[in-house]
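Quick notes on the structure that follows.
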Amino acid sequence: MIPMIAALAICWVLPVLLLIMQQQSQAAKAEALEEVSKRLRKKLVMRRPVVGGNWKCNPADPAKLEGLIANVNACSSSGCDIYICPSPLHVALVQGKLRNGAKVAPQNCNFSGCGAYTGEMAVDQMVAMGIEWCLIGHSERRGEFGLPTPGESPKLLATKLKYILDKGLKCVFCIGEPLSVRKQGISAVLSTCADQLVDILPYLDPDKVVIAYEPVWSIGTGVTASPAQAQETHAGIRAYIGQQTSDDVASRIRIQYGGSANAKNAGALSACPDVDGFLVGSASLKPEFSEIIDAVAKAKAFSML
């Protein structure tokens with residue numbers, strides 16, 4: 001009888017003890033990140049804002065590219081870096097036609113050079129075309145499509161990032177969490193982001209890498225993270241990078257917000273100190289793209305003085 005009672009006690013008590021230990025561990029991690037975040041907030045660092053336009057698999061008719069290119073050329077890059085991600089078939093049709101310093105950034109790349117890699121886009125080809133930026137790690141490449149094929153893993157993306165940098169290009173590296181993780185709270189969100197960043201920590205050169213934080217639950221849904229949510233998450237990501245690398249890297253690296261960013265919410269989000277710009281989806285296909293750029297350039301102008 002006694003052994004049975006003891007066994008039952010273990011079955012009930014052990015999970016409770018494990019839960020308490022887990023909560024204590026999460027609290028300790030959160031406290032450590034907050035200490036780094038406080039230290040970073042004391043550093044006055046100028047980060048030039050950066051806005052990207054992800055055209056995804058649009059437009060269907062290449063004849064519409066002329067109008068989209070005109071929209072980008074109408075934007076001012078005096079207070080903001082700009083890049084555009086055309087669909088793979090349209091990259092060569094856009095490259096060389098942006099007149100205001102905006103850059104073309106393909107939406108993906110391979111992890112090696114040219115050769116027998118059917119269906120891939122080689123970084124070496126990008127270099128030869130004069131392309132200076134590349135975007136990788138978007139949630140739609142990590143598995144958001146739900147296709148019966150594996151999503152791109154953090155290790156694969158780290159391999160790609162290293163290859164991009166070794167070839168002299170700059171990179172926009174996307175991270176973000178699904179709704180199921182967001183519902184668990186900020187600790188779960190930052191844990192997911194850390195899992196997506198841990199393999200690229202050795203390659204985080206602030207002069208060559210931009211982090212694009214995109215909450216998957218807000219991409220294309222019209223639901224945007226509140227400024228408070230965006231700031232809390234960006235600050236947490238920056239603190240994690242500082243904790244794992246250095247204060248210098250963390251304070252200088254630019255972290256964009258992506259997820260239904262548009263002209264209406266750009267001003268409020270730009271006011272967040274750790275939001276350094278936007279990766280814009282559908283709104284980058286509209287004239288309001290210039291309004292988003294103007295909003296972040298105006299909000300961050302004081303830090304560029």
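Chain identifiers are assigned as A, B, and so on, following the order in which chains appear in the structure tokens; residues are numbered from 1 within each chain, and ligands are numbered from 1 in order of appearance.
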
Using DSSP on the backbone, list every residue of region 48-148 of chain A that comes out as strand (DSSP E or B), and give them as a ChimeraX atom specification. /A:50-54,81-85,103-104,133-136

Between region 167-211 of chain A and region 246-267 of chain A, at 10 Å or less, what are the per-residue closest atom pairs and their distances in Å? Count only C-alpha atoms, order by chain and rising residue number, and return it as CSV.
```
residue,atom,partner,partner_atom,distance
A:Val172,CA,A:Gln256,CA,9.3
A:Phe173,CA,A:Ile255,CA,9.6
A:Cys174,CA,A:Gly258,CA,9.0
A:Ile175,CA,A:Gly258,CA,9.7
A:Gly176,CA,A:Gly258,CA,9.2
A:Leu204,CA,A:Val249,CA,7.3
A:Asp205,CA,A:Val249,CA,7.0
A:Pro206,CA,A:Ile253,CA,4.3
A:Asp207,CA,A:Ile253,CA,7.5
A:Lys208,CA,A:Ile253,CA,8.9
A:Val209,CA,A:Ile253,CA,7.3
A:Val210,CA,A:Arg254,CA,5.3
A:Ile211,CA,A:Ile255,CA,4.7
```

So, counting only C-alpha atoms, which residue among A:Val198, A:Ala212, A:Ile131, A:Ala271 is closest to Gln244 (chain A)? A:Val198

Nearest residue to Val275 (chain A) from the set A:Cys80, A:Ala194, A:Ala235, A:Ala301 (distances using only C-alpha atoms):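 So, comparing all the options, the nearest one is A:Ala235.
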
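Candidate residues A:Leu33, A:Ala92, A:Leu197, A:Met126 were compared for distance to Lys170 (chain A), and the nearest is A:Met126, using only C-alpha atoms.
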
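Near Leu169 (chain A), within 12 Å and counting only C-alpha atoms, sit Lys103, Val104, Ala105, Pro106, Cys109, Val123, Asp124, Gln125, Met126, Val127, Ala128, Met129, Gly130, Ile131, Glu132, Trp133, Cys134, Leu135, Lys160, Leu161, Lys162, Tyr163, Asp205, Asp207, Lys208, Val209 and Val210 of chain A, not including residues fewer than 6 positions from it in the same chain.
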
Atoms kept (N, CA and C atoms) for selection, written as a compact mmCIF listing (two decimals), in the first residue's frame:
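Result saved to again07.txt:
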```
# COMPACT_ATOMS: atom_id res chain seq x y z
N LYS A 103 17.89 49.23 -53.50
CA LYS A 103 18.58 48.02 -53.94
C LYS A 103 17.58 46.90 -54.25
N VAL A 104 17.97 46.04 -55.14
CA VAL A 104 17.20 44.82 -55.40
C VAL A 104 17.73 43.71 -54.52
N ALA A 105 16.82 43.00 -53.86
CA ALA A 105 17.20 41.89 -52.98
C ALA A 105 16.37 40.67 -53.34
N PRO A 106 16.93 39.68 -54.02
CA PRO A 106 16.18 38.46 -54.31
C PRO A 106 15.62 37.84 -53.03
N CYS A 109 18.07 32.29 -52.03
CA CYS A 109 19.29 31.95 -52.75
C CYS A 109 19.68 30.52 -52.40
N VAL A 123 24.10 32.73 -55.51
CA VAL A 123 24.63 34.01 -55.05
C VAL A 123 25.67 34.53 -56.04
N ASP A 124 26.43 33.63 -56.63
CA ASP A 124 27.45 34.02 -57.60
C ASP A 124 26.83 34.75 -58.79
N GLN A 125 25.66 34.31 -59.21
CA GLN A 125 24.96 34.98 -60.30
C GLN A 125 24.50 36.37 -59.87
N MET A 126 24.08 36.48 -58.62
CA MET A 126 23.66 37.78 -58.09
C MET A 126 24.83 38.76 -58.11
N VAL A 127 25.99 38.28 -57.70
CA VAL A 127 27.18 39.13 -57.69
C VAL A 127 27.48 39.62 -59.11
N ALA A 128 27.40 38.71 -60.07
CA ALA A 128 27.70 39.07 -61.46
C ALA A 128 26.69 40.06 -62.03
N MET A 129 25.46 40.07 -61.47
CA MET A 129 24.42 40.99 -61.93
C MET A 129 24.48 42.34 -61.22
N GLY A 130 25.41 42.48 -60.28
CA GLY A 130 25.52 43.74 -59.54
C GLY A 130 24.55 43.84 -58.38
N ILE A 131 23.93 42.73 -58.00
CA ILE A 131 23.00 42.72 -56.87
C ILE A 131 23.80 42.75 -55.56
N GLU A 132 23.35 43.53 -54.60
CA GLU A 132 24.11 43.75 -53.37
C GLU A 132 23.44 43.16 -52.13
N TRP A 133 22.16 42.81 -52.23
CA TRP A 133 21.42 42.32 -51.07
C TRP A 133 20.68 41.03 -51.42
N CYS A 134 20.39 40.24 -50.41
CA CYS A 134 19.56 39.06 -50.58
C CYS A 134 18.75 38.84 -49.31
N LEU A 135 17.50 38.42 -49.46
CA LEU A 135 16.63 38.13 -48.31
C LEU A 135 16.49 36.62 -48.17
N LYS A 160 23.42 29.38 -45.69
CA LYS A 160 23.15 30.36 -46.74
C LYS A 160 23.70 31.73 -46.36
N LEU A 161 23.47 32.14 -45.11
CA LEU A 161 23.92 33.45 -44.68
C LEU A 161 25.44 33.56 -44.79
N LYS A 162 26.14 32.56 -44.34
CA LYS A 162 27.60 32.58 -44.42
C LYS A 162 28.05 32.71 -45.87
N TYR A 163 27.39 31.97 -46.77
CA TYR A 163 27.77 32.02 -48.18
C TYR A 163 27.50 33.40 -48.76
N ASP A 205 27.05 40.59 -38.43
CA ASP A 205 27.79 41.82 -38.66
C ASP A 205 26.78 42.94 -38.89
N ASP A 207 26.94 45.77 -40.06
CA ASP A 207 27.11 46.49 -41.32
C ASP A 207 26.64 45.68 -42.51
N LYS A 208 26.37 44.40 -42.30
CA LYS A 208 26.03 43.54 -43.43
C LYS A 208 24.74 42.75 -43.26
N VAL A 209 24.21 42.70 -42.04
CA VAL A 209 23.02 41.89 -41.78
C VAL A 209 21.93 42.75 -41.13
N VAL A 210 20.72 42.62 -41.64
CA VAL A 210 19.53 43.24 -41.06
C VAL A 210 18.60 42.11 -40.62
```
